[in-house]
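Engineer: Pasting work_14.cif here (mmCIF, C-alpha atoms):
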data_upload
#
loop_
_atom_site.label_atom_id
_atom_site.label_comp_id
_atom_site.auth_asym_id
_atom_site.auth_seq_id
_atom_site.Cartn_x
_atom_site.Cartn_y
_atom_site.Cartn_z
CA MET A 1 0.00 0.00 0.00
CA PRO A 2 2.25 2.71 -1.28
CA MET A 3 1.89 6.40 -0.72
CA ILE A 4 2.43 8.93 -3.49
CA ASP A 5 3.24 12.59 -2.89
CA VAL A 6 3.04 15.13 -5.72
CA TYR A 7 4.59 18.57 -5.26
CA ALA A 8 3.82 21.32 -7.77
CA THR A 9 3.03 25.01 -7.88
CA GLY A 10 -0.65 25.58 -7.16
CA GLY A 11 -2.75 25.64 -10.32
CA THR A 12 -0.48 23.28 -12.26
CA PHE A 13 -3.29 20.71 -12.48
CA ALA A 14 -6.88 21.53 -13.43
CA ASN A 15 -8.17 18.47 -11.55
CA PRO A 16 -5.67 17.37 -8.88
CA LYS A 17 -8.04 14.78 -7.39
CA ALA A 18 -8.36 13.01 -10.74
CA LEU A 19 -4.56 12.93 -11.07
CA ALA A 20 -4.22 11.56 -7.53
CA ARG A 21 -6.67 8.77 -8.32
CA ASP A 22 -5.01 7.99 -11.67
CA LEU A 23 -1.58 7.77 -10.04
CA ALA A 24 -2.83 5.47 -7.26
CA SER A 25 -4.69 3.12 -9.60
CA THR A 26 -1.75 3.04 -12.03
CA LEU A 27 0.62 2.08 -9.23
CA MET A 28 -1.68 -0.74 -8.10
CA LYS A 29 -1.69 -2.11 -11.65
CA ILE A 30 2.07 -1.88 -12.02
CA GLU A 31 2.69 -3.51 -8.63
CA GLN A 32 0.17 -6.21 -9.59
CA VAL A 33 -1.44 -6.28 -6.16
CA PRO A 34 -4.88 -7.88 -5.75
CA ASP A 35 -7.80 -5.57 -6.47
CA ILE A 36 -9.24 -5.79 -2.96
CA PRO A 37 -10.47 -3.12 -0.54
CA MET A 38 -7.32 -3.35 1.60
CA PHE A 39 -5.24 -2.06 -1.31
CA ARG A 40 -7.87 0.17 -2.98
CA LYS A 41 -8.53 2.08 0.25
CA ASN A 42 -4.89 2.44 1.24
CA THR A 43 -3.04 3.18 -1.99
CA ALA A 44 -3.27 6.96 -2.13
CA ALA A 45 -1.73 10.06 -3.62
CA PHE A 46 -1.36 13.34 -1.75
CA MET A 47 -1.32 16.52 -3.81
CA HIS A 48 0.82 19.32 -2.38
CA ASP A 49 0.14 22.74 -3.91
CA LEU A 50 3.13 24.99 -3.39
CA PRO A 51 2.82 28.78 -3.45
CA ASP A 52 4.43 30.71 -6.30
CA GLY A 53 8.13 31.06 -5.62
CA ALA A 54 8.32 28.02 -3.33
CA LEU A 55 10.41 25.95 -5.74
CA SER A 56 13.17 26.75 -8.17
CA ASN A 57 15.80 25.17 -10.32
CA VAL A 58 19.25 26.73 -10.79
CA GLU A 59 17.94 29.04 -13.51
CA GLY A 60 15.10 30.29 -11.33
CA ASP A 61 12.33 28.35 -13.06
CA GLY A 62 9.60 26.96 -10.82
CA ASN A 63 7.67 25.00 -13.40
CA CYS A 64 8.64 21.48 -12.39
CA VAL A 65 6.92 18.66 -10.53
CA ARG A 66 8.25 16.24 -7.94
CA VAL A 67 6.53 12.90 -7.42
CA GLN A 68 7.69 10.69 -4.59
CA VAL A 69 6.52 7.10 -4.30
CA LEU A 70 7.01 5.26 -1.02
CA THR A 71 6.51 1.53 -1.55
CA LYS A 72 5.57 -0.73 1.31
CA ASN A 73 8.65 -2.94 1.45
CA ALA A 74 12.05 -3.12 -0.18
CA GLY A 75 11.97 -5.05 -3.44
CA ALA A 76 8.31 -4.29 -4.23
CA LEU A 77 9.36 -2.82 -7.56
CA ASN A 78 11.74 -4.80 -9.78
CA ARG A 79 13.56 -2.93 -12.57
CA ASP A 80 10.74 -3.32 -15.12
CA LYS A 81 8.23 -1.99 -12.59
CA GLN A 82 10.52 0.93 -11.68
CA LEU A 83 10.74 1.92 -15.33
CA ALA A 84 6.98 1.56 -15.75
CA VAL A 85 6.20 3.73 -12.71
CA VAL A 86 8.53 6.53 -13.79
CA ARG A 87 7.34 6.52 -17.42
CA GLN A 88 3.62 6.23 -16.69
CA PHE A 89 3.66 8.74 -13.82
CA THR A 90 5.57 11.25 -15.95
CA ASP A 91 3.02 10.86 -18.74
CA LEU A 92 0.08 11.20 -16.33
CA VAL A 93 1.54 14.37 -14.76
CA ALA A 94 2.18 16.03 -18.13
CA ALA A 95 -1.29 15.11 -19.41
CA ALA A 96 -2.98 16.37 -16.23
CA ALA A 97 -1.12 19.67 -16.55
CA GLY A 98 -2.00 19.94 -20.25
CA ASP A 99 1.70 20.53 -20.93
CA PRO A 100 3.64 17.80 -22.77
CA SER A 101 6.90 19.69 -22.13
CA LEU A 102 6.41 19.10 -18.38
CA SER A 103 7.69 15.54 -18.97
CA ALA A 104 11.22 16.94 -19.11
CA ARG A 105 10.69 18.65 -15.73
CA THR A 106 8.91 15.89 -13.82
CA TRP A 107 11.03 14.12 -11.22
CA VAL A 108 9.83 10.75 -9.95
CA LEU A 109 11.59 9.42 -6.86
CA LEU A 110 11.12 5.79 -5.86
CA THR A 111 11.63 5.13 -2.16
CA GLU A 112 11.33 1.75 -0.45
CA ALA A 113 10.47 1.32 3.21
CA ILE A 114 12.63 -1.09 5.14
CA GLU A 115 11.02 -4.29 6.44
CA GLY A 116 8.57 -3.19 9.11
CA GLY A 117 9.35 0.46 8.33
CA TRP A 118 5.81 1.60 7.62
CA GLY A 119 2.58 1.35 9.51
CA LEU A 120 -1.15 1.38 9.02
CA ALA A 121 -3.93 1.22 11.59
CA GLY A 122 -1.40 1.51 14.40
CA HIS A 123 0.81 -1.42 13.36
CA ALA A 124 4.27 -1.47 11.73
CA ASN A 125 3.87 -4.04 8.95
CA THR A 126 6.28 -6.59 7.55
CA LYS A 127 5.92 -8.02 4.06
CA ALA A 128 4.76 -11.37 5.50
CA GLU A 129 2.09 -9.67 7.62
CA LEU A 130 0.85 -7.75 4.60
CA VAL A 131 0.67 -10.92 2.49
CA ASP A 132 -1.21 -12.73 5.28
CA ALA A 133 -3.68 -9.84 5.63
CA ALA A 134 -4.29 -9.76 1.86
CA ARG A 135 -4.85 -13.52 1.74
CA ALA A 136 -7.26 -13.31 4.67
CA GLN A 137 -9.24 -10.55 2.96
CA ILE A 138 -9.38 -12.50 -0.32
CA ALA A 139 -10.66 -15.57 1.54
CA GLU A 140 -13.24 -13.44 3.36
CA LEU A 141 -14.46 -11.93 0.09
CA GLN A 142 -14.73 -15.38 -1.49
CA ARG A 143 -16.72 -16.71 1.50
CA ALA A 144 -19.07 -13.73 1.26
CA LYS A 145 -19.79 -14.58 -2.37
CA GLY A 146 -20.87 -18.06 -1.31
CA PRO A 147 -20.49 -21.33 -3.19
CA GLY A 148 -19.93 -20.95 -6.91
CA GLY A 149 -19.79 -17.13 -6.57
#
Please re-express this file's structure in structure tokens.
Structural biologist:
Amino acid sequence: MPMIDVYATGGTFANPKALARDLASTLMKIEQVPDIPMFRKNTAAFMHDLPDGALSNVEGDGNCVRVQVLTKNAGALNRDKQLAVVRQFTDLVAAAAGDPSLSARTWVLLTEAIEGGWGLAGHANTKAELVDAARAQIAELQRAKGPGG
């Protein structure tokens, strides 16, 4: 259940909530996690609108975007998935801004939490605990459907 943080000057995106949702759902697909409530409700993007003048490159330009992805445990993204996240997130950001040139100024940082280095609902989770919780929820959903459901 990764967290995504997007930092950009306020007004960069016409519909920041739509971008947040697109980023979260894209990451779930790339990670190939089960499409269950546990992941859908806890894979989220946070949009951070910065005031004019709050960011700058060396030349003084402030028209760039920083996207940071914190994945749940080290190794969650192999090389192919890393490349997919960076490419697809960059494309989503540029499209949401209506500015194809923003691709060249979109930074995507991939950060992995150490084993047990992130928490949810008051508990620091390990990869094994997360897998067990996902399996339990899948079994619960299948039982709720009933036989043949």
Engineer: What are the closest atom pairs, with distances in Å to one decimal, for all residues of stretch 4-108 of chain A lying within 9 Å of stretch 131-136 of chain A? Consider all atoms listed in the file, order rows by chain and residue number, and present the result as a tab-separated table.
Structural biologist:
residue	atom	partner	partner_atom	distance
A:Pro34	CA	A:Ala134	CA	7.9
A:Ile36	CA	A:Ala134	CA	8.0
A:Met38	CA	A:Ala134	CA	7.1
A:Phe39	CA	A:Ala134	CA	8.4
Engineer: Please evaluate the PyMOL selection byres ((chain A and resi 108-114) around 8) against the structure above and give the resulting residues as number ranges by chain.
Structural biologist: A: 66-76, 82, 86, 89-90, 106-107, 115-118
Engineer: Identify the residues within 12 Å of coordinate (-1.9, 14.1, -10.8) (same frame as the file), considering all atoms listed in the file, and give the answer as JSON, numbers by chain.
Structural biologist: {"A": [4, 5, 6, 7, 8, 11, 12, 13, 14, 15, 16, 17, 18, 19, 20, 21, 22, 23, 24, 25, 26, 44, 45, 46, 47, 48, 49, 65, 66, 67, 68, 88, 89, 90, 91, 92, 93, 94, 95, 96, 97, 98, 106]}
Engineer: Calculate how many Å separate atom CA of A:Leu102 from atom CA of A:Thr9, rounding to one decimal.
Structural biologist: 12.5 Å
Engineer: Could you please determine the separation between atom CA of A:Pro37 and atom CA of A:Pro2 in Å, to one decimal place?
Structural biologist: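 Atom-to-atom, atom CA of A:Pro37 and atom CA of A:Pro2 are spaced 14.0 Å apart.
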